[in-house]
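Q: Enclosed is the structure file coords25.csv (CSV, C-alpha atoms).
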chain,number,residue,atom,x,y,z
A,1,MET,CA,-90.9,42.5,-14.6
A,2,TYR,CA,-90.9,43.4,-18.3
A,3,ARG,CA,-93.6,44.1,-20.7
A,4,ALA,CA,-93.7,41.3,-23.3
A,5,THR,CA,-94.8,40.7,-26.9
A,6,LEU,CA,-96.0,37.3,-28.3
A,7,GLN,CA,-95.7,36.5,-32.0
A,8,GLU,CA,-96.3,33.3,-34.1
A,9,VAL,CA,-93.2,32.3,-36.1
A,10,ARG,CA,-91.9,29.4,-38.1
A,11,PHE,CA,-88.4,27.9,-38.3
A,12,PRO,CA,-86.9,24.9,-40.2
A,13,GLY,CA,-87.2,21.6,-38.3
A,14,GLY,CA,-88.5,18.1,-38.6
A,15,GLY,CA,-90.9,17.8,-41.5
A,16,GLY,CA,-90.6,21.4,-42.7
A,17,ASP,CA,-91.2,24.8,-41.1
A,18,VAL,CA,-92.2,24.2,-37.5
A,19,GLN,CA,-94.9,26.4,-35.9
A,20,ALA,CA,-93.9,28.2,-32.7
A,21,TRP,CA,-94.7,31.3,-30.7
A,22,ILE,CA,-92.0,33.6,-29.4
A,23,ALA,CA,-92.4,35.9,-26.4
A,24,ARG,CA,-89.8,38.5,-25.8
A,25,PRO,CA,-89.3,41.6,-23.6
A,26,THR,CA,-90.0,44.8,-25.4
A,27,GLN,CA,-87.1,46.6,-23.7
A,28,PRO,CA,-84.0,46.6,-26.0
A,29,GLY,CA,-81.2,44.3,-24.9
A,30,GLN,CA,-79.9,40.8,-25.0
A,31,TYR,CA,-81.6,38.1,-22.9
A,32,PRO,CA,-81.3,34.4,-22.1
A,33,ALA,CA,-83.9,32.2,-23.8
A,34,ILE,CA,-85.8,29.0,-23.3
A,35,ALA,CA,-87.3,26.7,-25.9
A,36,MET,CA,-90.4,24.9,-24.6
A,37,LEU,CA,-91.9,21.5,-25.6
A,38,HIS,CA,-95.6,20.8,-25.0
A,39,GLY,CA,-97.3,17.6,-23.7
A,40,ARG,CA,-99.0,14.9,-25.7
A,41,ASN,CA,-102.2,16.9,-26.3
A,42,GLY,CA,-100.4,19.6,-28.3
A,43,PRO,CA,-99.9,23.3,-27.7
A,44,SER,CA,-102.6,25.1,-25.7
A,45,ASP,CA,-103.2,28.7,-24.7
A,46,SER,CA,-101.7,28.1,-21.2
A,47,PHE,CA,-98.6,26.6,-22.9
A,48,ARG,CA,-98.1,29.8,-24.9
A,49,ASP,CA,-98.9,31.9,-21.7
A,50,VAL,CA,-95.8,30.3,-20.0
A,51,ALA,CA,-93.6,31.7,-22.8
A,52,VAL,CA,-95.0,35.2,-22.0
A,53,ARG,CA,-94.4,34.7,-18.3
A,54,TYR,CA,-90.7,33.9,-19.0
A,55,ALA,CA,-90.5,37.0,-21.2
A,56,GLU,CA,-91.9,39.1,-18.3
A,57,GLU,CA,-89.0,37.7,-16.3
A,58,GLY,CA,-86.4,38.8,-18.9
A,59,ILE,CA,-86.1,35.4,-20.6
A,60,VAL,CA,-87.1,35.0,-24.2
A,61,GLY,CA,-89.6,32.1,-24.4
A,62,LEU,CA,-90.1,30.0,-27.6
A,63,ALA,CA,-93.2,27.7,-27.4
A,64,VAL,CA,-92.5,25.0,-30.0
A,65,ASN,CA,-95.3,22.9,-31.7
A,66,TYR,CA,-93.3,19.8,-32.4
A,67,MET,CA,-96.5,18.2,-33.7
A,68,THR,CA,-96.9,20.8,-36.5
A,69,PHE,CA,-96.9,17.9,-39.1
A,70,GLY,CA,-98.7,15.2,-37.1
A,71,GLN,CA,-99.6,13.9,-33.7
A,72,ASP,CA,-96.9,11.2,-33.7
A,73,PRO,CA,-93.6,12.6,-35.1
A,74,SER,CA,-90.6,10.3,-35.3
A,75,THR,CA,-87.7,10.7,-32.9
A,76,ASP,CA,-85.6,12.0,-35.7
A,77,GLU,CA,-88.2,14.7,-36.6
A,78,ILE,CA,-88.5,15.7,-33.0
A,79,LEU,CA,-84.7,16.0,-32.6
A,80,ARG,CA,-84.5,18.1,-35.8
A,81,SER,CA,-87.2,20.4,-34.4
A,82,ILE,CA,-85.3,20.7,-31.1
A,83,ALA,CA,-82.1,21.6,-33.0
A,84,GLY,CA,-84.1,24.0,-35.2
A,85,ALA,CA,-85.4,25.8,-32.2
A,86,LEU,CA,-81.9,26.3,-30.9
A,87,ASP,CA,-80.7,27.6,-34.3
A,88,TYR,CA,-83.7,29.9,-34.5
A,89,LEU,CA,-83.1,31.4,-31.0
A,90,LYS,CA,-79.3,31.8,-31.7
A,91,ALA,CA,-80.2,33.9,-34.8
A,92,GLN,CA,-82.3,36.3,-32.8
A,93,PRO,CA,-80.4,39.6,-32.0
A,94,ASP,CA,-82.0,39.9,-28.6
A,95,VAL,CA,-80.9,36.4,-27.4
A,96,LYS,CA,-77.7,35.5,-25.6
A,97,THR,CA,-76.5,32.6,-27.7
A,98,ASP,CA,-74.7,30.9,-24.8
A,99,SER,CA,-77.7,31.1,-22.5
A,100,ILE,CA,-80.5,29.0,-24.2
A,101,ALA,CA,-82.3,26.4,-22.2
A,102,LEU,CA,-84.6,23.5,-23.3
A,103,SER,CA,-87.8,22.8,-21.3
A,104,GLY,CA,-90.8,20.6,-21.5
A,105,TYR,CA,-94.0,19.3,-19.9
A,106,CYS,CA,-95.1,15.7,-19.6
A,107,LYS,CA,-94.2,14.1,-23.0
A,108,GLY,CA,-92.3,17.3,-23.8
A,109,GLY,CA,-90.5,16.9,-20.5
A,110,GLY,CA,-89.3,13.5,-21.6
A,111,LEU,CA,-88.3,15.0,-24.9
A,112,THR,CA,-86.3,17.6,-23.0
A,113,TYR,CA,-84.1,14.7,-21.7
A,114,LEU,CA,-83.9,13.3,-25.2
A,115,GLY,CA,-82.9,16.7,-26.7
A,116,LEU,CA,-80.3,17.5,-24.1
A,117,GLY,CA,-78.7,14.1,-24.6
A,118,ASN,CA,-78.6,14.3,-28.4
A,119,THR,CA,-78.3,18.0,-29.2
A,120,SER,CA,-75.2,20.2,-28.4
A,121,GLY,CA,-75.6,23.9,-27.7
A,122,TYR,CA,-78.3,24.1,-25.1
A,123,ALA,CA,-77.0,25.5,-21.8
A,124,ALA,CA,-79.6,24.1,-19.3
A,125,GLY,CA,-82.7,21.9,-19.0
A,126,VAL,CA,-86.0,22.4,-17.2
A,127,VAL,CA,-88.2,19.3,-16.9
A,128,PHE,CA,-91.8,19.5,-15.6
A,129,HIS,CA,-93.2,16.0,-14.8
A,130,GLY,CA,-91.3,14.5,-17.7
A,131,GLY,CA,-91.7,11.0,-19.2
A,132,LEU,CA,-89.1,8.4,-18.4
A,133,SER,CA,-88.8,6.0,-21.3
A,134,GLN,CA,-85.6,4.0,-21.4
A,135,GLN,CA,-84.5,6.2,-24.4
A,136,ASN,CA,-85.2,9.4,-22.4
A,137,VAL,CA,-83.3,8.1,-19.3
A,138,GLU,CA,-80.3,7.1,-21.4
A,139,ALA,CA,-80.3,10.6,-23.0
A,140,ALA,CA,-80.6,12.3,-19.6
A,141,LEU,CA,-77.5,10.4,-18.4
A,142,ARG,CA,-75.6,11.6,-21.5
A,143,ALA,CA,-76.6,15.2,-21.0
A,144,ASP,CA,-73.8,17.5,-19.8
A,145,VAL,CA,-75.6,20.6,-18.8
A,146,PRO,CA,-77.3,21.6,-15.5
A,147,MET,CA,-81.0,20.7,-15.2
A,148,ILE,CA,-83.9,21.0,-12.8
A,149,ILE,CA,-86.6,18.4,-12.5
A,150,LEU,CA,-90.0,19.3,-11.0
A,151,HIS,CA,-92.3,16.4,-10.3
A,152,GLY,CA,-95.4,15.4,-8.4
A,153,ALA,CA,-95.0,12.8,-5.6
A,154,SER,CA,-98.4,11.3,-6.5
A,155,ASP,CA,-97.8,11.2,-10.3
A,156,GLN,CA,-99.7,8.2,-11.6
A,157,ALA,CA,-98.4,8.4,-15.1
A,158,VAL,CA,-94.6,8.8,-14.4
A,159,SER,CA,-93.8,7.2,-11.0
A,160,ILE,CA,-91.8,9.2,-8.6
A,161,ASP,CA,-89.8,6.1,-7.9
A,162,GLY,CA,-88.5,6.3,-11.5
A,163,VAL,CA,-87.6,9.9,-10.9
A,164,TYR,CA,-85.7,9.0,-7.7
A,165,ASP,CA,-83.9,6.3,-9.7
A,166,LEU,CA,-82.9,8.7,-12.4
A,167,ALA,CA,-81.7,11.2,-9.8
A,168,LYS,CA,-79.5,8.5,-8.2
A,169,GLN,CA,-78.0,7.7,-11.5
A,170,LEU,CA,-77.4,11.4,-12.3
A,171,ASN,CA,-75.8,11.8,-8.9
A,172,ASP,CA,-73.6,8.7,-9.3
A,173,ARG,CA,-72.3,10.2,-12.6
A,174,GLY,CA,-71.6,13.6,-11.1
A,175,LYS,CA,-74.2,15.4,-13.2
A,176,ARG,CA,-75.4,18.9,-12.2
A,177,PHE,CA,-79.1,18.8,-11.4
A,178,GLN,CA,-81.7,19.8,-8.9
A,179,LEU,CA,-84.9,17.8,-8.1
A,180,LYS,CA,-87.9,19.3,-6.3
A,181,VAL,CA,-90.8,17.0,-5.5
A,182,TYR,CA,-94.3,18.3,-4.9
A,183,HIS,CA,-96.2,16.2,-2.3
A,184,GLY,CA,-99.8,15.5,-3.1
A,185,CYS,CA,-99.5,16.6,-6.7
A,186,ASN,CA,-100.3,14.3,-9.7
A,187,HIS,CA,-98.9,14.2,-13.2
A,188,VAL,CA,-100.0,17.4,-14.8
A,189,PHE,CA,-100.1,19.6,-11.7
A,190,THR,CA,-98.6,22.6,-13.6
A,191,MET,CA,-101.1,22.6,-16.4
A,192,PRO,CA,-104.3,24.7,-16.1
A,193,GLY,CA,-107.5,23.2,-17.5
A,194,ASN,CA,-107.3,19.7,-16.0
A,195,ALA,CA,-108.5,18.2,-12.7
A,196,GLN,CA,-105.0,17.6,-11.5
A,197,TYR,CA,-103.9,21.2,-11.8
A,198,ALA,CA,-102.5,22.6,-8.5
A,199,PRO,CA,-102.2,26.4,-8.9
A,200,GLU,CA,-99.9,27.1,-5.8
A,201,ALA,CA,-97.6,24.2,-6.7
A,202,ALA,CA,-97.6,25.2,-10.3
A,203,ASP,CA,-96.6,28.8,-9.5
A,204,ASP,CA,-93.9,27.6,-7.2
A,205,ALA,CA,-92.5,25.3,-9.9
A,206,PHE,CA,-92.4,28.2,-12.3
A,207,ARG,CA,-90.6,30.3,-9.7
A,208,GLU,CA,-88.1,27.5,-9.1
A,209,ALA,CA,-87.5,27.2,-12.9
A,210,VAL,CA,-86.8,31.0,-13.2
A,211,THR,CA,-84.5,31.0,-10.1
A,212,PHE,CA,-82.6,28.0,-11.5
A,213,LEU,CA,-82.1,29.7,-14.8
A,214,ARG,CA,-81.0,33.0,-13.2
A,215,ARG,CA,-78.5,31.1,-11.0
A,216,THR,CA,-77.2,29.1,-14.0
A,217,TYR,CA,-76.7,32.3,-16.1
A,218,GLY,CA,-75.3,34.4,-13.2
A,219,LEU,CA,-78.2,36.8,-13.2
A,220,PRO,CA,-79.9,38.6,-10.3
A,221,LEU,CA,-82.4,36.3,-8.6
A,222,ALA,CA,-85.1,39.0,-8.3
A,223,SER,CA,-87.2,40.2,-11.2
A,224,VAL,CA,-86.2,43.6,-12.6
A,225,GLY,CA,-87.9,46.3,-14.5
A,226,PRO,CA,-91.4,47.8,-14.2
A,227,LEU,CA,-94.3,45.6,-13.2
A,228,VAL,CA,-96.4,45.3,-16.3
A,229,PRO,CA,-98.2,41.9,-16.2
A,230,GLU,CA,-100.1,42.0,-19.4
A,231,ALA,CA,-98.6,40.9,-22.8
A,232,VAL,CA,-98.9,42.8,-26.0
A,233,SER,CA,-99.8,40.6,-29.0
A,234,ALA,CA,-97.8,41.2,-32.2
With the file now loaded, output its structure as structure tokens.
A:
Amino acid sequence: MYRATLQEVRFPGGGGDVQAWIARPTQPGQYPAIAMLHGRNGPSDSFRDVAVRYAEEGIVGLAVNYMTFGQDPSTDEILRSIAGALDYLKAQPDVKTDSIALSGYCKGGGLTYLGLGNTSGYAAGVVFHGGLSQQNVEAALRADVPMIILHGASDQAVSIDGVYDLAKQLNDRGKRFQLKVYHGCNHVFTMPGNAQYAPEAADDAFREAVTFLRRTYGLPLASVGPLVPEAVSA
């Protein structure tokens, strides 16, 4: 694992300069990256912590606050922020520009489908218990990049039946995707600080995401570098 730094940044997006936090390995080099979208309650410390965990795995993490300018941004504003995150990461000298993924949790997971279906340039998608509005489903079916979907079988907010239906449609269209279902887990099982949090399943889901990204980018599956778990704020 790598030592990582975390820094608050801004980039042009929907409504103005979007707030975000970038976590990156301190060791010089070029790395794949992932832009992350939070749930409906906005960015939290645990959301930013995930960006650091990615950086410790050798993946630059950008935690995006797409609610910088309000709790209910329009679809157009969100898509401009998603495109802005991609442009920002592509401009970073330590990022491999052809290896940038889009990811999200809950509402942000649904917006990941939306972004992948409407924004060119992302190389992969990682969806944690993502929302399945008709708009999001249609976007997911348009997306032409590999994605992994991680969902709780007991999700009361986004029915697993809807996820299975999406998976069938993706499969029928020959899309590249993986689905892992966590039995006994509810909607926000990956998110600390709520009653539905399932630590073991959450950790497994993160490991699945990292493994998926490593396979997608042709990287070694095991973590590399010295084990230094703490982050250094910048």
Q: Distance CA of Val145 (chain A)-CA of Asn65 (chain A), one decimal place?
A: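 These two atoms are separated by 23.7 Å.
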Q: By how many Å are CA of Asn136 (chain A) and CA of Leu166 (chain A) apart?
A: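 Going from CA of Asn136 (chain A) over to CA of Leu166 (chain A) covers 10.3 Å.
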Q: Name the residues in contact with Ala23 (chain A) at a cut-off of 8 Å, using all atoms listed in the file, excluding same-chain residues fewer than 6 positions from it; report them as number ranges by chain.
A: A: 4-7, 51-52, 54-55, 60-62
Q: Excluding same-chain residues fewer than 4 positions from Gly152 (chain A), what lies within 12 Å of it counting only C-alpha atoms, as JSON, numbers by chain?
A: {"A": [106, 127, 128, 129, 130, 156, 157, 158, 159, 160, 161, 162, 163, 164, 179, 180, 181, 182, 183, 184, 185, 186, 187, 188, 189, 190, 196, 197, 198, 201, 202, 205]}
Q: Since we have the selection now, will you write its residues out, keeping C-alpha atoms, as a PDB file, in the coordinates of the input?
A:
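Listing of part-v2.pdb after writing:
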ATOM      1  CA  CYS A 106     -95.100  15.700 -19.600  1.00  0.00           C
ATOM      2  CA  VAL A 127     -88.200  19.300 -16.900  1.00  0.00           C
ATOM      3  CA  PHE A 128     -91.800  19.500 -15.600  1.00  0.00           C
ATOM      4  CA  HIS A 129     -93.200  16.000 -14.800  1.00  0.00           C
ATOM      5  CA  GLY A 130     -91.300  14.500 -17.700  1.00  0.00           C
ATOM      6  CA  GLN A 156     -99.700   8.200 -11.600  1.00  0.00           C
ATOM      7  CA  ALA A 157     -98.400   8.400 -15.100  1.00  0.00           C
ATOM      8  CA  VAL A 158     -94.600   8.800 -14.400  1.00  0.00           C
ATOM      9  CA  SER A 159     -93.800   7.200 -11.000  1.00  0.00           C
ATOM     10  CA  ILE A 160     -91.800   9.200  -8.600  1.00  0.00           C
ATOM     11  CA  ASP A 161     -89.800   6.100  -7.900  1.00  0.00           C
ATOM     12  CA  GLY A 162     -88.500   6.300 -11.500  1.00  0.00           C
ATOM     13  CA  VAL A 163     -87.600   9.900 -10.900  1.00  0.00           C
ATOM     14  CA  TYR A 164     -85.700   9.000  -7.700  1.00  0.00           C
ATOM     15  CA  LEU A 179     -84.900  17.800  -8.100  1.00  0.00           C
ATOM     16  CA  LYS A 180     -87.900  19.300  -6.300  1.00  0.00           C
ATOM     17  CA  VAL A 181     -90.800  17.000  -5.500  1.00  0.00           C
ATOM     18  CA  TYR A 182     -94.300  18.300  -4.900  1.00  0.00           C
ATOM     19  CA  HIS A 183     -96.200  16.200  -2.300  1.00  0.00           C
ATOM     20  CA  GLY A 184     -99.800  15.500  -3.100  1.00  0.00           C
ATOM     21  CA  CYS A 185     -99.500  16.600  -6.700  1.00  0.00           C
ATOM     22  CA  ASN A 186    -100.300  14.300  -9.700  1.00  0.00           C
ATOM     23  CA  HIS A 187     -98.900  14.200 -13.200  1.00  0.00           C
ATOM     24  CA  VAL A 188    -100.000  17.400 -14.800  1.00  0.00           C
ATOM     25  CA  PHE A 189    -100.100  19.600 -11.700  1.00  0.00           C
ATOM     26  CA  THR A 190     -98.600  22.600 -13.600  1.00  0.00           C
ATOM     27  CA  GLN A 196    -105.000  17.600 -11.500  1.00  0.00           C
ATOM     28  CA  TYR A 197    -103.900  21.200 -11.800  1.00  0.00           C
ATOM     29  CA  ALA A 198    -102.500  22.600  -8.500  1.00  0.00           C
ATOM     30  CA  ALA A 201     -97.600  24.200  -6.700  1.00  0.00           C
ATOM     31  CA  ALA A 202     -97.600  25.200 -10.300  1.00  0.00           C
ATOM     32  CA  ALA A 205     -92.500  25.300  -9.900  1.00  0.00           C
TER      33      ALA A 205
END
Q: Compare A:Glu77, A:Asp17, A:Glu208, A:Glu57 by their minimum atom-to-atom distance to Met147 (chain A), counting all atoms listed in the file, and give me the closest one.
A: A:Glu208
Q: I'd like the neighbourhood of Thr119 (chain A) as an MDAnalysis selection string, where a residue qualifies if any of its atoms comes within 8 Å (using only C-alpha atoms), though same-chain residues fewer than 6 positions away should be ignored.
A: chainID A and resid 79 82:83
Q: If we count only C-alpha atoms, what is near Gly104 (chain A) at a cut-off of 10 Å, once residues fewer than 3 positions away on the same chain are taken out, given as a PyMOL selection string?
A: chain A and resi 34-39+47+63-64+107-113+125-131
Q: Using all atoms listed in the file, which residues sit within 12 Å of Asp72 (chain A) once same-chain residues fewer than 3 positions away are excluded, as a PyMOL selection string?
A: chain A and resi 14-15+39-42+65-69+75-78+107
